[in-house]
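Heads up, model31.cif below (mmCIF, C-alpha atoms and all ligand atoms):
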```
data_protein
loop_
_atom_site.group_PDB
_atom_site.id
_atom_site.type_symbol
_atom_site.label_atom_id
_atom_site.label_comp_id
_atom_site.auth_asym_id
_atom_site.auth_seq_id
_atom_site.Cartn_x
_atom_site.Cartn_y
_atom_site.Cartn_z
ATOM 1 C CA MET A 1 23.419 125.691 33.936
ATOM 2 C CA TYR A 2 21.500 128.689 32.529
ATOM 3 C CA SER A 3 18.200 129.368 34.266
ATOM 4 C CA THR A 4 15.940 132.095 35.573
ATOM 5 C CA GLU A 5 16.190 130.557 39.067
ATOM 6 C CA ILE A 6 19.981 130.907 39.108
ATOM 7 C CA PHE A 7 19.704 134.548 38.013
ATOM 8 C CA GLU A 8 17.191 135.183 40.793
ATOM 9 C CA GLN A 9 19.430 133.538 43.413
ATOM 10 C CA LEU A 10 22.521 135.432 42.276
ATOM 11 C CA TYR A 11 20.638 138.737 42.309
ATOM 12 C CA THR A 12 19.200 138.123 45.781
ATOM 13 C CA LYS A 13 22.663 137.189 47.064
ATOM 14 C CA LEU A 14 23.981 140.606 46.064
ATOM 15 C CA GLY A 15 22.220 141.934 49.197
ATOM 16 C CA LYS A 16 22.917 145.628 49.800
ATOM 17 C CA ALA A 17 24.971 145.876 46.609
ATOM 18 C CA ARG A 18 21.643 145.849 44.721
ATOM 19 C CA PHE A 19 21.127 149.406 45.931
ATOM 20 C CA GLY A 20 24.685 150.774 45.604
ATOM 21 C CA GLY A 21 25.537 153.740 43.376
ATOM 22 C CA LYS A 22 23.526 156.642 41.956
ATOM 23 C CA VAL A 23 21.451 157.234 38.833
ATOM 24 C CA ALA A 24 23.109 159.581 36.287
ATOM 25 C CA THR A 25 21.454 162.995 36.200
ATOM 26 C CA TYR A 26 23.888 165.034 34.058
ATOM 27 C CA ILE A 27 21.499 164.219 31.211
ATOM 28 C CA PRO A 28 18.399 165.387 33.124
ATOM 29 C CA GLU A 29 15.966 162.945 31.512
ATOM 30 C CA LEU A 30 18.036 159.932 32.669
ATOM 31 C CA GLY A 31 17.344 160.990 36.264
ATOM 32 C CA CYS A 32 13.604 160.281 35.786
ATOM 33 C CA VAL A 33 14.056 156.501 35.743
ATOM 34 C CA ASP A 34 12.995 154.313 38.703
ATOM 35 C CA PRO A 35 16.382 153.354 40.215
ATOM 36 C CA ASN A 36 15.086 150.012 41.502
ATOM 37 C CA HIS A 37 14.737 148.350 38.126
ATOM 38 C CA PHE A 38 16.804 145.249 37.546
ATOM 39 C CA GLY A 39 16.690 142.969 34.532
ATOM 40 C CA VAL A 40 18.956 140.371 32.996
ATOM 41 C CA SER A 41 18.779 138.296 29.814
ATOM 42 C CA LEU A 42 21.093 135.662 28.398
ATOM 43 C CA THR A 43 20.770 134.382 24.822
ATOM 44 C CA THR A 44 22.829 131.461 23.592
ATOM 45 C CA ILE A 45 24.057 131.379 20.005
ATOM 46 C CA LYS A 46 21.838 128.307 19.584
ATOM 47 C CA GLY A 47 18.805 130.489 20.270
ATOM 48 C CA GLU A 48 17.870 129.679 23.867
ATOM 49 C CA SER A 49 17.011 132.632 26.122
ATOM 50 C CA PHE A 50 16.860 133.025 29.891
ATOM 51 C CA HIS A 51 15.585 136.108 31.693
ATOM 52 C CA TYR A 52 15.008 137.475 35.161
ATOM 53 C CA GLY A 53 13.406 140.667 36.479
ATOM 54 C CA ASP A 54 12.540 143.658 34.284
ATOM 55 C CA HIS A 55 13.875 142.039 31.123
ATOM 56 C CA ASP A 56 11.097 143.424 28.946
ATOM 57 C CA VAL A 57 11.254 147.061 30.107
ATOM 58 C CA ARG A 58 13.009 149.332 27.604
ATOM 59 C CA PHE A 59 15.650 151.752 28.873
ATOM 60 C CA SER A 60 18.108 154.192 27.352
ATOM 61 C CA ILE A 61 21.127 152.120 26.350
ATOM 62 C CA GLN A 62 23.410 155.191 26.003
ATOM 63 C CA SER A 63 27.022 154.192 25.314
ATOM 64 C CA VAL A 64 26.213 150.533 24.723
ATOM 65 C CA ALA A 65 25.037 151.846 21.332
ATOM 66 C CA LYS A 66 28.600 152.938 20.498
ATOM 67 C CA VAL A 67 29.221 149.281 19.613
ATOM 68 C CA PHE A 68 26.415 149.411 17.016
ATOM 69 C CA ALA A 69 27.877 152.571 15.469
ATOM 70 C CA LEU A 70 31.325 150.989 15.336
ATOM 71 C CA VAL A 71 29.984 147.849 13.637
ATOM 72 C CA MET A 72 28.184 149.995 11.050
ATOM 73 C CA ALA A 73 31.295 152.100 10.406
ATOM 74 C CA GLU A 74 33.384 148.956 9.894
ATOM 75 C CA GLY A 75 30.727 147.937 7.362
ATOM 76 C CA CYS A 76 31.304 151.258 5.546
ATOM 77 C CA GLY A 77 34.892 150.148 4.987
ATOM 78 C CA ALA A 78 36.052 153.417 6.497
ATOM 79 C CA GLU A 79 39.687 153.890 7.315
ATOM 80 C CA LEU A 80 38.885 154.282 10.947
ATOM 81 C CA ARG A 81 42.248 153.145 12.318
ATOM 82 C CA LYS A 82 43.887 156.406 11.227
ATOM 83 C CA ARG A 83 41.281 158.490 13.039
ATOM 84 C CA VAL A 84 40.586 156.508 16.230
ATOM 85 C CA GLY A 85 42.967 154.330 18.265
ATOM 86 C CA VAL A 86 42.359 150.997 19.970
ATOM 87 C CA GLU A 87 44.161 151.621 23.253
ATOM 88 C CA PRO A 88 42.453 151.763 26.659
ATOM 89 C CA SER A 89 42.306 155.319 27.930
ATOM 90 C CA GLY A 90 42.468 154.810 31.682
ATOM 91 C CA GLY A 91 40.360 157.977 31.748
ATOM 92 C CA SER A 92 36.710 158.881 32.027
ATOM 93 C CA PHE A 93 34.224 158.607 29.162
ATOM 94 C CA ASN A 94 34.060 162.319 28.361
ATOM 95 C CA SER A 95 37.642 163.379 29.075
ATOM 96 C CA LEU A 96 39.278 166.088 26.949
ATOM 97 C CA ILE A 97 42.799 165.777 28.329
ATOM 98 C CA GLN A 98 44.204 163.001 26.128
ATOM 99 C CA LEU A 99 42.904 164.583 22.933
ATOM 100 C CA GLU A 100 45.370 167.435 23.271
ATOM 101 C CA LEU A 101 48.264 165.011 23.770
ATOM 102 C CA HIS A 102 47.240 162.830 20.813
ATOM 103 C CA LYS A 103 46.509 165.683 18.394
ATOM 104 C CA GLY A 104 42.766 165.095 18.132
ATOM 105 C CA ILE A 105 42.934 161.286 17.707
ATOM 106 C CA PRO A 106 40.776 159.632 20.422
ATOM 107 C CA ARG A 107 42.333 156.670 22.240
ATOM 108 C CA ASN A 108 39.470 154.314 21.308
ATOM 109 C CA PRO A 109 35.932 154.218 19.837
ATOM 110 C CA MET A 110 34.230 153.470 23.174
ATOM 111 C CA LEU A 111 35.035 156.916 24.590
ATOM 112 C CA ASN A 112 32.694 159.775 23.699
ATOM 113 C CA ALA A 113 35.412 161.370 21.540
ATOM 114 C CA GLY A 114 36.011 158.116 19.649
ATOM 115 C CA ALA A 115 32.305 157.461 19.173
ATOM 116 C CA LEU A 116 31.867 161.009 17.867
ATOM 117 C CA VAL A 117 34.485 160.302 15.168
ATOM 118 C CA VAL A 118 32.687 157.040 14.324
ATOM 119 C CA CYS A 119 29.407 159.022 14.084
ATOM 120 C CA ASP A 120 31.180 161.539 11.839
ATOM 121 C CA VAL A 121 32.109 158.679 9.473
ATOM 122 C CA LEU A 122 28.490 157.463 9.428
ATOM 123 C CA CYS A 123 27.096 160.976 8.838
ATOM 124 C CA GLN A 124 29.497 161.393 5.917
ATOM 125 C CA GLN A 125 28.898 157.972 4.354
ATOM 126 C CA LEU A 126 25.221 157.161 4.892
ATOM 127 C CA ASN A 127 22.266 158.828 3.164
ATOM 128 C CA SER A 128 19.938 158.586 6.188
ATOM 129 C CA PRO A 129 22.118 157.766 9.206
ATOM 130 C CA LYS A 130 19.339 157.692 11.831
ATOM 131 C CA GLU A 131 17.021 155.515 9.736
ATOM 132 C CA GLU A 132 19.839 153.154 8.733
ATOM 133 C CA LEU A 133 20.958 152.883 12.352
ATOM 134 C CA LEU A 134 17.459 151.865 13.479
ATOM 135 C CA GLU A 135 17.163 149.437 10.581
ATOM 136 C CA PHE A 136 20.436 147.786 11.672
ATOM 137 C CA VAL A 137 19.476 147.599 15.373
ATOM 138 C CA ARG A 138 16.024 146.216 14.534
ATOM 139 C CA ARG A 139 17.588 143.543 12.336
ATOM 140 C CA ILE A 140 20.174 142.320 14.868
ATOM 141 C CA SER A 141 17.690 142.390 17.764
ATOM 142 C CA GLY A 142 14.785 140.925 15.799
ATOM 143 C CA SER A 143 12.562 143.693 17.276
ATOM 144 C CA PRO A 144 10.974 145.997 14.665
ATOM 145 C CA ALA A 145 9.557 148.274 17.395
ATOM 146 C CA ILE A 146 12.918 149.552 18.708
ATOM 147 C CA GLY A 147 13.279 153.314 18.432
ATOM 148 C CA PHE A 148 14.816 156.455 19.875
ATOM 149 C CA ASN A 149 13.626 158.028 23.115
ATOM 150 C CA GLU A 150 13.068 161.558 21.838
ATOM 151 C CA ARG A 151 12.906 163.055 25.355
ATOM 152 C CA VAL A 152 16.319 161.603 26.233
ATOM 153 C CA ALA A 153 17.794 162.715 22.901
ATOM 154 C CA GLN A 154 16.498 166.284 23.335
ATOM 155 C CA SER A 155 17.611 166.378 26.970
ATOM 156 C CA GLU A 156 21.175 165.451 25.953
ATOM 157 C CA LEU A 157 21.117 167.838 22.982
ATOM 158 C CA LYS A 158 20.288 170.704 25.356
ATOM 159 C CA THR A 159 22.989 169.843 27.886
ATOM 160 C CA GLY A 160 25.758 168.130 25.897
ATOM 161 C CA PHE A 161 28.264 170.978 26.115
ATOM 162 C CA ARG A 162 31.215 168.702 26.828
ATOM 163 C CA ASN A 163 30.501 166.558 23.793
ATOM 164 C CA GLU A 164 30.221 169.709 21.672
ATOM 165 C CA ALA A 165 33.596 170.779 23.032
ATOM 166 C CA LEU A 166 35.081 167.387 22.099
ATOM 167 C CA VAL A 167 33.725 167.723 18.548
ATOM 168 C CA GLN A 168 35.062 171.220 18.009
ATOM 169 C CA PHE A 169 38.412 170.388 19.562
ATOM 170 C CA MET A 170 38.817 167.385 17.231
ATOM 171 C CA ARG A 171 37.674 169.530 14.318
ATOM 172 C CA SER A 172 40.580 171.881 15.036
ATOM 173 C CA PHE A 173 42.897 168.907 14.301
ATOM 174 C CA GLY A 174 40.989 168.033 11.104
ATOM 175 C CA ASN A 175 39.405 164.878 12.561
ATOM 176 C CA ILE A 176 35.716 165.928 12.181
ATOM 177 C CA ASN A 177 33.917 166.832 8.957
ATOM 178 C CA THR A 178 30.209 166.947 9.800
ATOM 179 C CA LYS A 179 28.517 170.168 10.961
ATOM 180 C CA LEU A 180 28.193 170.369 14.746
ATOM 181 C CA ALA A 181 24.379 170.345 14.909
ATOM 182 C CA GLU A 182 24.037 167.398 12.524
ATOM 183 C CA LEU A 183 26.700 165.353 14.317
ATOM 184 C CA MET A 184 25.279 166.052 17.787
ATOM 185 C CA ASP A 185 21.792 165.168 16.578
ATOM 186 C CA PHE A 186 22.989 161.786 15.305
ATOM 187 C CA TYR A 187 25.153 161.043 18.372
ATOM 188 C CA CYS A 188 22.403 161.966 20.874
ATOM 189 C CA HIS A 189 19.853 159.854 19.009
ATOM 190 C CA LEU A 190 22.304 156.935 18.930
ATOM 191 C CA CYS A 191 22.678 157.168 22.723
ATOM 192 C CA SER A 192 18.918 157.528 23.225
ATOM 193 C CA ILE A 193 18.050 154.150 21.657
ATOM 194 C CA GLU A 194 15.724 152.300 24.007
ATOM 195 C CA MET A 195 15.926 148.536 24.371
ATOM 196 C CA SER A 196 15.096 145.885 26.945
ATOM 197 C CA THR A 197 17.742 143.464 28.216
ATOM 198 C CA ALA A 198 16.051 140.746 26.136
ATOM 199 C CA GLU A 199 16.503 142.842 22.979
ATOM 200 C CA LEU A 200 20.014 143.896 23.932
ATOM 201 C CA ALA A 201 21.208 140.336 24.595
ATOM 202 C CA GLN A 202 19.803 139.245 21.226
ATOM 203 C CA SER A 203 21.395 142.189 19.423
ATOM 204 C CA PHE A 204 24.902 141.313 20.717
ATOM 205 C CA ASN A 205 24.533 137.663 19.760
ATOM 206 C CA PHE A 206 26.324 138.004 16.403
ATOM 207 C CA LEU A 207 29.449 139.167 18.271
ATOM 208 C CA ALA A 208 29.419 135.861 20.162
ATOM 209 C CA ASN A 209 28.871 134.038 16.875
ATOM 210 C CA ARG A 210 31.875 135.088 14.732
ATOM 211 C CA GLY A 211 29.876 137.928 13.177
ATOM 212 C CA ILE A 212 26.973 135.775 11.926
ATOM 213 C CA ASN A 213 23.520 136.962 12.949
ATOM 214 C CA PRO A 214 21.898 133.824 14.415
ATOM 215 C CA LEU A 215 18.440 135.209 13.562
ATOM 216 C CA THR A 216 19.130 135.437 9.824
ATOM 217 C CA GLY A 217 22.105 133.108 9.381
ATOM 218 C CA LYS A 218 23.816 135.948 7.502
ATOM 219 C CA PRO A 219 27.081 137.760 8.384
ATOM 220 C CA GLU A 220 26.890 141.215 9.950
ATOM 221 C CA LEU A 221 30.700 141.358 10.035
ATOM 222 C CA LYS A 222 33.707 139.290 8.997
ATOM 223 C CA PRO A 223 34.873 136.892 11.766
ATOM 224 C CA THR A 224 38.131 138.863 12.114
ATOM 225 C CA THR A 225 36.250 142.122 12.597
ATOM 226 C CA ALA A 226 33.901 140.560 15.171
ATOM 227 C CA ARG A 227 36.981 139.349 17.066
ATOM 228 C CA ARG A 228 38.525 142.807 16.945
ATOM 229 C CA ILE A 229 35.370 144.499 18.195
ATOM 230 C CA ASN A 230 35.273 142.040 21.105
ATOM 231 C CA ALA A 231 38.920 142.903 21.813
ATOM 232 C CA ILE A 232 38.071 146.618 21.885
ATOM 233 C CA MET A 233 35.140 145.962 24.234
ATOM 234 C CA GLN A 234 37.383 143.906 26.507
ATOM 235 C CA THR A 235 40.083 146.549 26.799
ATOM 236 C CA CYS A 236 38.030 149.756 26.472
ATOM 237 C CA GLY A 237 34.340 148.975 27.168
ATOM 238 C CA PHE A 238 34.264 150.227 30.776
ATOM 239 C CA TYR A 239 36.383 153.383 30.638
ATOM 240 C CA ASP A 240 38.733 153.602 33.606
ATOM 241 C CA GLU A 241 37.189 150.433 35.030
ATOM 242 C CA ALA A 242 37.992 148.211 32.013
ATOM 243 C CA GLY A 243 40.704 146.407 34.000
ATOM 244 C CA GLU A 244 38.354 145.960 36.952
ATOM 245 C CA PHE A 245 35.642 144.505 34.700
ATOM 246 C CA ALA A 246 38.112 142.066 33.089
ATOM 247 C CA PHE A 247 39.389 141.141 36.562
ATOM 248 C CA ARG A 248 35.954 140.662 38.144
ATOM 249 C CA VAL A 249 33.817 139.466 35.221
ATOM 250 C CA GLY A 250 36.124 138.385 32.404
ATOM 251 C CA LEU A 251 33.875 138.955 29.379
ATOM 252 C CA PRO A 252 34.139 141.541 26.586
ATOM 253 C CA GLY A 253 31.352 144.052 27.095
ATOM 254 C CA LYS A 254 30.120 147.619 26.975
ATOM 255 C CA SER A 255 28.365 149.750 29.566
ATOM 256 C CA GLY A 256 26.191 152.833 29.277
ATOM 257 C CA VAL A 257 25.209 155.591 31.703
ATOM 258 C CA GLY A 258 21.586 154.402 31.494
ATOM 259 C CA GLY A 259 22.760 151.483 33.679
ATOM 260 C CA GLY A 260 22.885 148.844 30.947
ATOM 261 C CA ILE A 261 25.752 146.446 30.254
ATOM 262 C CA ALA A 262 25.949 144.054 27.303
ATOM 263 C CA ALA A 263 28.644 141.377 27.217
ATOM 264 C CA VAL A 264 29.501 138.325 25.164
ATOM 265 C CA HIS A 265 31.096 134.963 25.722
ATOM 266 C CA PRO A 266 32.425 134.211 22.231
ATOM 267 C CA GLY A 267 31.166 130.877 20.931
ATOM 268 C CA GLU A 268 28.586 130.626 23.732
ATOM 269 C CA TYR A 269 26.187 133.460 24.499
ATOM 270 C CA SER A 270 25.492 137.158 24.928
ATOM 271 C CA ILE A 271 24.177 138.605 28.184
ATOM 272 C CA ALA A 272 22.610 141.972 29.029
ATOM 273 C CA VAL A 273 21.903 143.399 32.453
ATOM 274 C CA TRP A 274 20.234 146.633 33.547
ATOM 275 C CA SER A 275 20.320 148.385 36.878
ATOM 276 C CA PRO A 276 20.236 152.207 36.659
ATOM 277 C CA ARG A 277 22.417 153.122 39.664
ATOM 278 C CA LEU A 278 26.047 153.720 38.644
ATOM 279 C CA GLY A 279 29.303 153.380 40.543
ATOM 280 C CA ASP A 280 31.859 156.205 40.650
ATOM 281 C CA LYS A 281 33.334 155.186 37.260
ATOM 282 C CA TRP A 282 29.882 155.507 35.625
ATOM 283 C CA ASN A 283 29.255 151.776 35.168
ATOM 284 C CA SER A 284 26.153 150.042 36.569
ATOM 285 C CA TYR A 285 26.967 149.228 40.192
ATOM 286 C CA ALA A 286 24.702 146.216 40.676
ATOM 287 C CA GLY A 287 25.001 145.211 37.009
ATOM 288 C CA MET A 288 28.753 144.788 37.249
ATOM 289 C CA ARG A 289 28.501 142.867 40.525
ATOM 290 C CA PHE A 290 25.748 140.645 39.164
ATOM 291 C CA LEU A 291 27.896 139.740 36.156
ATOM 292 C CA GLU A 292 30.811 139.027 38.474
ATOM 293 C CA SER A 293 28.684 136.633 40.490
ATOM 294 C CA TRP A 294 27.358 135.062 37.259
ATOM 295 C CA THR A 295 30.781 134.306 35.749
ATOM 296 C CA SER A 296 32.056 133.153 39.162
ATOM 297 C CA TYR A 297 29.094 130.790 39.529
ATOM 298 C CA ALA A 298 29.320 129.525 35.940
ATOM 299 C CA GLU A 299 33.174 129.499 35.995
ATOM 300 C CA ASP A 300 32.740 131.306 32.776
ATOM 301 C CA SER A 301 35.294 134.087 32.502
ATOM 302 C CA ILE A 302 36.975 133.899 29.083
ATOM 303 C CA PHE A 303 40.241 133.798 30.997
HETATM 304 N N1 LIG A 401 25.305 159.955 25.920
HETATM 305 C C1 LIG A 401 26.284 159.801 26.947
HETATM 306 C C2 LIG A 401 27.272 160.950 26.889
HETATM 307 O O1 LIG A 401 27.733 161.288 25.844
HETATM 308 C C3 LIG A 401 26.965 158.469 26.832
HETATM 309 C C4 LIG A 401 27.955 158.180 27.927
HETATM 310 C C5 LIG A 401 27.904 156.757 28.440
HETATM 311 O O2 LIG A 401 26.891 156.078 28.361
HETATM 312 O O3 LIG A 401 28.931 156.309 28.979
HETATM 313 O O4 LIG A 401 27.601 161.536 27.874
#
```

Kindly return the structure encoded in the file as structure tokens.
Ligand code: GLU
Amino acid sequence: MYSTEIFEQLYTKLGKARFGGKVATYIPELGCVDPNHFGVSLTTIKGESFHYGDHDVRFSIQSVAKVFALVMAEGCGAELRKRVGVEPSGGSFNSLIQLELHKGIPRNPMLNAGALVVCDVLCQQLNSPKEELLEFVRRISGSPAIGFNERVAQSELKTGFRNEALVQFMRSFGNINTKLAELMDFYCHLCSIEMSTAELAQSFNFLANRGINPLTGKPELKPTTARRINAIMQTCGFYDEAGEFAFRVGLPGKSGVGGGIAAVHPGEYSIAVWSPRLGDKWNSYAGMRFLESWTSYAEDSIF
């Protein structure tokens, strides 16, 4: 059922949809990418991999990395539940509105505000947050060469006024402890991590495998926590298009403004797709439609 040929056919069948949407430019460096890239990789929990297109080209995974930060913060045993909710927001990724209503507690950890609180926890608890983050991502992906894209990180640091506003607003409610510059540095580096779809699919594999890293045979998370993170991805991973993604695709997943999407079919596989042009809700336009055609073809929605 899984094969490169099927991926190629499904991609070709997308027709004009392959070129729908626009590349994000609010982080200037993201606008420099060739919009015509497309790559997809699927890795089964038994270790088989299938790829099509630009599966070995690294790109900025942006918010997909929020899942890595959340997994690490769960590992810290932090009392996150009191500081970040688990409810879908129905709003955009960088919205300030709900924070006022909820007294500085973000609706969920997949929003920028929620991820900034998760980053705050990591900055407070880890000795070298950036190094430990890379160590974690290299371990789960099996790729020791993964790193930050310094140009993307600096580009976001120079222009991330909204995220700075979110941090300071949450600080006014007592929900942020780290100094602004240190927190922004960590958050922007997190978002700047560069990976290929092959590396991304591998790195999400433990979430399809009850928290066990198939590469090492060791747990990255307890099975209950892996299940909960999948639940958060399902309900919150696509901002105000989370319902649409569940409806069309039917897999827990997370998108990023670099045009990447990583998703898992628990007990089966993880899949990553990359196409830089985004729809009006900031999720990869062709990526989302490709995944819809994949789960329709494979009759593979978790529902
Ligand atoms: N670094 C991006 C930001 O904070 C992440 C947003 C996303 O990928 O959805 O704006």

Residue by residue, what does the PyMOL selection byres (((chain A and resi 217) around 12) and not hetatm) grab here? Present the result as a PDB file with C-alpha atoms, in the coordinates of the input.
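File produced: result20.pdb:
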```pdb
ATOM      1  CA  ILE A  45      24.057 131.379  20.005  1.00  0.00           C
ATOM      2  CA  LYS A  46      21.838 128.307  19.584  1.00  0.00           C
ATOM      3  CA  GLY A  47      18.805 130.489  20.270  1.00  0.00           C
ATOM      4  CA  ARG A 139      17.588 143.543  12.336  1.00  0.00           C
ATOM      5  CA  ILE A 140      20.174 142.320  14.868  1.00  0.00           C
ATOM      6  CA  ASN A 205      24.533 137.663  19.760  1.00  0.00           C
ATOM      7  CA  PHE A 206      26.324 138.004  16.403  1.00  0.00           C
ATOM      8  CA  ASN A 209      28.871 134.038  16.875  1.00  0.00           C
ATOM      9  CA  ARG A 210      31.875 135.088  14.732  1.00  0.00           C
ATOM     10  CA  GLY A 211      29.876 137.928  13.177  1.00  0.00           C
ATOM     11  CA  ILE A 212      26.973 135.775  11.926  1.00  0.00           C
ATOM     12  CA  ASN A 213      23.520 136.962  12.949  1.00  0.00           C
ATOM     13  CA  PRO A 214      21.898 133.824  14.415  1.00  0.00           C
ATOM     14  CA  LEU A 215      18.440 135.209  13.562  1.00  0.00           C
ATOM     15  CA  THR A 216      19.130 135.437   9.824  1.00  0.00           C
ATOM     16  CA  LYS A 218      23.816 135.948   7.502  1.00  0.00           C
ATOM     17  CA  PRO A 219      27.081 137.760   8.384  1.00  0.00           C
ATOM     18  CA  GLU A 220      26.890 141.215   9.950  1.00  0.00           C
ATOM     19  CA  LEU A 221      30.700 141.358  10.035  1.00  0.00           C
TER      20      LEU A 221
END
```

Determine the residue membership of the PyMOL selection byres (((chain A and resi 25) around 12) and not hetatm) for the file above and supply it as a ChimeraX atom specification.
/A:22-24,26-33,35,152,155-156,159,257-259,276-278,282

Please give me, as a list in words, the residues lying within 6 Å of ligand LIG 401 (chain A) when counting all atoms listed in the file.
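These are the residues that qualify: Gln62, Ser63, Phe93, Asn112, Cys191, Gly256 and Val257 of chain A.
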
Hey, which of A:Thr178, A:Asn283, A:Gln154, A:Thr224 ends up closest to Glu244 in chain A? Count all atoms listed in the file.
A:Asn283

Please provide the set of residues having any atom within 10 Å of Gly260 in chain A, restricted to only C-alpha atoms, with same-chain residues fewer than 4 positions apart removed, written as a PyMOL selection string.
chain A and resi 38-40+59-64+195-197+200+254-256+272-278+283-284+287-288

Just the residues within 8 Å of range 94-106 of chain A, please, counting only C-alpha atoms, with nothing from its chain fewer than 5 positions along; format it as a PyMOL selection string.
chain A and resi 83-85+111-114+162-163+166+169-175

Enclose the full set of atoms of range 141-154 of chain A listed in the file within a box whose edges lie along x, y and z, apply 3 Å of padding to each of the six sides, and report centre and edge lengths in Å to one decimal as lines of an AutoDock Vina configuration file.
```
center_x = 13.7
center_y = 153.6
center_z = 20.4
size_x = 14.2
size_y = 31.4
size_z = 17.6
```

Considering all atoms listed in the file, return as a JSON list (two decimals) with C-alpha atoms, keeping the file's coordinate frame whatever protein or nucleic-acid residues lie within 10 Å of Asp120 in chain A, sequence-local ones (same chain, fewer than 6 positions apart) excluded.
```json
[["chain", "number", "residue", "atom", "x", "y", "z"],
["A", 73, "ALA", "CA", 31.30, 152.10, 10.41],
["A", 114, "GLY", "CA", 36.01, 158.12, 19.65],
["A", 167, "VAL", "CA", 33.72, 167.72, 18.55],
["A", 175, "ASN", "CA", 39.40, 164.88, 12.56],
["A", 176, "ILE", "CA", 35.72, 165.93, 12.18],
["A", 177, "ASN", "CA", 33.92, 166.83, 8.96],
["A", 178, "THR", "CA", 30.21, 166.95, 9.80],
["A", 179, "LYS", "CA", 28.52, 170.17, 10.96],
["A", 180, "LEU", "CA", 28.19, 170.37, 14.75],
["A", 182, "GLU", "CA", 24.04, 167.40, 12.52],
["A", 183, "LEU", "CA", 26.70, 165.35, 14.32],
["A", 184, "MET", "CA", 25.28, 166.05, 17.79],
["A", 186, "PHE", "CA", 22.99, 161.79, 15.30],
["A", 187, "TYR", "CA", 25.15, 161.04, 18.37]]
```

Counting all atoms listed in the file, find residues at most 12 Å from (26.0, 132.6, 24.3) (file frame) and give them as an MDAnalysis selection string.
chainID A and resid 2 41:50 201:210 214 251 262:272 300

Give me the result of the PyMOL selection byres (((chain A and resi 297) around 12) and not hetatm) on this file, residue by residue, as a PyMOL selection string.
chain A and resi 1-2+6-7+9-11+13+249+290-296+298-301

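Counting only C-alpha atoms, the residue from A:Pro129, A:Gly53, A:Gly91, A:Gly20 that sits nearest to Ala69 in chain A is A:Pro129.
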